[in-house]
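Colleague: Sharing a structure with you now.
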Amino acid sequence: MPVTYEEFADSRLNALLRYAVMLTGDSDTAQDLVQETMLRVQLHWRRVTHSDSPDSYVRKILTNQFIESRRTSWWRRVLLRPDPDPVVAAPADHAAESAERDRVWSLLAILPRRQRAALVLRFYEDLPDQEIADILGCAVGTVRSSISRGLDALRAELAEVR
């Protein structure tokens with residue numbers, strides 16, 4: 001029996017929101033991104049259900065929405081201040097965890113959207129290269145290159161802070 005849109009939304013909404021938060025670094029923007037994505041999913045539900053993997057198809061829609069968004073200027077301007085102490089021990093409380101999360105998001109925010117998406121898909125969603133390539137609509141080599149360049153940029157930024 002095919003899954004209905006409502007069943008799919010109920011089962012995947014939280015995971016999509018977590019993924020969107022990792023992409024955007026902001027829960028409000030992530031909610032907007034997921035809302036726009038789910039609207040598109042509902043409008044094209046038949047196409048989604050006929051795909052090989054509805055979950056991957058929806059993740060691809062969300063990722064494309066993020067990469068192609070025209071409302072990016074404020075995302076690039078509004079960055080949290082980097083942590084003044086670059087060597088941070090394992091967070092012991094909520095405030096420290098929150099500060100570390102903000103630090104990660106501020107580092108990810110320096111990356112181009114495709115690199116950020118590739119890194120989040122690899123290290124947060126734990127997807128293989130082929131699935132990342134399918135979501136981003138590019139070759140596996142491009143995914144590997146994006147991840148490598150993104151990690152190089154993050155290492156360089158961390159070296160500057162130290």
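Ordering of the structure tokens sets the chain letters (A, B, ...), residue numbers begin anew at 1 in every chain, and ligands are numbered from 1 in the order given.
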Within 10 Å of Met38 of chain A, counting only C-alpha atoms, which residues qualify if same-chain residues fewer than 4 places away don't, as a list in words?
Modeller: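 Within the cut-off, the hits are Tyr5, Ala9, Leu13, Leu16, Asp32, Leu33, Val34, Gln42, Leu43, His44, Trp45, Val58, Ile61 and Leu62 of chain A.
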Colleague: Can you write out the residues you just picked, keeping C-alpha atoms, as a short mmCIF file (atom, residue, chain, number, x, y, z; two decimals), in the first residue's frame?
Modeller:
```
data_model
loop_
_atom_site.label_atom_id
_atom_site.label_comp_id
_atom_site.auth_asym_id
_atom_site.auth_seq_id
_atom_site.Cartn_x
_atom_site.Cartn_y
_atom_site.Cartn_z
CA TYR A 5 1.63 12.48 1.96
CA ALA A 9 5.23 14.11 6.52
CA LEU A 13 9.36 16.00 9.14
CA LEU A 16 14.14 16.98 7.45
CA ASP A 32 10.92 28.07 6.36
CA LEU A 33 13.04 25.87 4.12
CA VAL A 34 11.27 22.69 5.23
CA GLN A 42 2.68 17.92 -1.65
CA LEU A 43 2.16 19.57 -5.04
CA HIS A 44 4.25 16.86 -6.73
CA TRP A 45 3.37 13.94 -4.47
CA VAL A 58 12.56 14.97 -0.88
CA ILE A 61 14.29 19.03 -3.22
CA LEU A 62 15.28 20.51 0.15
#
```
Colleague: Give me the residues near Arg155 of chain A as JSON, numbers by chain, where near means some atom within 12 Å (using only C-alpha atoms) and where sequence neighbours in that chain fewer than 6 positions away do not count.
Modeller: {"A": [107, 108, 110, 111, 148, 149, 161, 162]}
Colleague: Could you write those residues out with N, CA and C atoms, as a short mmCIF file (atom, residue, chain, number, x, y, z; two decimals), in the first residue's frame?
Modeller:
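Saved as result30.cif:
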```cif
data_model
loop_
_atom_site.label_atom_id
_atom_site.label_comp_id
_atom_site.auth_asym_id
_atom_site.auth_seq_id
_atom_site.Cartn_x
_atom_site.Cartn_y
_atom_site.Cartn_z
N LEU A 107 31.40 28.44 11.16
CA LEU A 107 32.41 27.91 10.23
C LEU A 107 31.76 27.41 8.94
N LEU A 108 30.66 26.69 9.06
CA LEU A 108 29.97 26.21 7.86
C LEU A 108 29.45 27.36 7.01
N ILE A 110 30.85 30.02 6.15
CA ILE A 110 31.83 30.62 5.25
C ILE A 110 31.92 29.86 3.93
N LEU A 111 31.39 28.65 3.91
CA LEU A 111 31.49 27.80 2.72
C LEU A 111 30.41 28.13 1.70
N SER A 148 36.37 17.75 -0.19
CA SER A 148 37.78 18.03 0.05
C SER A 148 38.04 19.53 0.15
N ARG A 149 37.49 20.29 -0.77
CA ARG A 149 37.69 21.75 -0.74
C ARG A 149 37.02 22.37 0.48
N VAL A 161 42.17 31.19 13.14
CA VAL A 161 41.63 31.51 14.46
C VAL A 161 42.65 31.21 15.54
N ARG A 162 43.44 30.16 15.34
CA ARG A 162 44.44 29.78 16.34
C ARG A 162 45.60 30.68 16.21
#
```
Colleague: Check the DSSP output for the backbone and give back, as JSON, numbers by chain, the residues of chain A in alpha helix (DSSP H).
Modeller: {"A": [5, 6, 7, 8, 9, 10, 11, 12, 13, 14, 15, 16, 17, 18, 19, 20, 21, 22, 23, 24, 27, 28, 29, 30, 31, 32, 33, 34, 35, 36, 37, 38, 39, 40, 41, 42, 43, 45, 46, 47, 48, 49, 50, 54, 55, 56, 57, 58, 59, 60, 61, 62, 63, 64, 65, 66, 67, 68, 73, 74, 75, 76, 77, 94, 95, 96, 97, 98, 99, 100, 101, 102, 103, 104, 105, 106, 107, 108, 113, 114, 115, 116, 117, 118, 119, 129, 130, 131, 132, 133, 134, 135, 136, 140, 141, 142, 143, 144, 145, 146, 147, 148, 149, 150, 151, 152, 153, 154, 155, 156, 157, 158, 159, 160, 161]}
Colleague: Could you give me, as a list in words, the residues within 10 Å of Ser145 of chain A, counting only C-alpha atoms and dropping anything in the same chain fewer than 5 positions from it?
Modeller: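 Here the qualifying residues turn out to be Gln115, Ala118, Ala139, Val140, Gly150 and Leu151 of chain A.
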Colleague: Using Å and a single decimal, report how far atom CA of Ile67 of chain A sits from atom CA of Arg113 of chain A.
Modeller: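 Atom-to-atom, atom CA of Arg113 of chain A to atom CA of Ile67 of chain A, that is 5.4 Å.
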Colleague: Under the rule that only C-alpha atoms are counted, which of A:Pro128, A:Pro54, A:Gly25, A:Gly141 is the nearest residue to Arg116 of chain A?
Modeller: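 Nearest to Arg116 of chain A: A:Gly25.
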Colleague: List the spatial neighbours of Thr24 of chain A as a list in words - criterion: any atom at most 9 Å away, only C-alpha atoms, same-chain residues fewer than 5 positions off excluded.
Modeller: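 After dropping sequence-adjacent residues, the list is Tyr19, Thr29, Ala30, Leu33, Phe66, Trp75, Trp105, Leu108 and Ala109 of chain A.
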Colleague: To one decimal place, how far is atom CA of Val120 of chain A from atom CA of Leu136 of chain A in Å?
Modeller: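 Going from atom CA of Val120 of chain A over to atom CA of Leu136 of chain A, I get 11.9 Å.
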Colleague: Return the single residue from A:Arg101, A:Arg18, A:His50, A:Arg59 that is closest to Tyr124 of chain A, with distances computed using only C-alpha atoms.
Modeller: A:Arg18
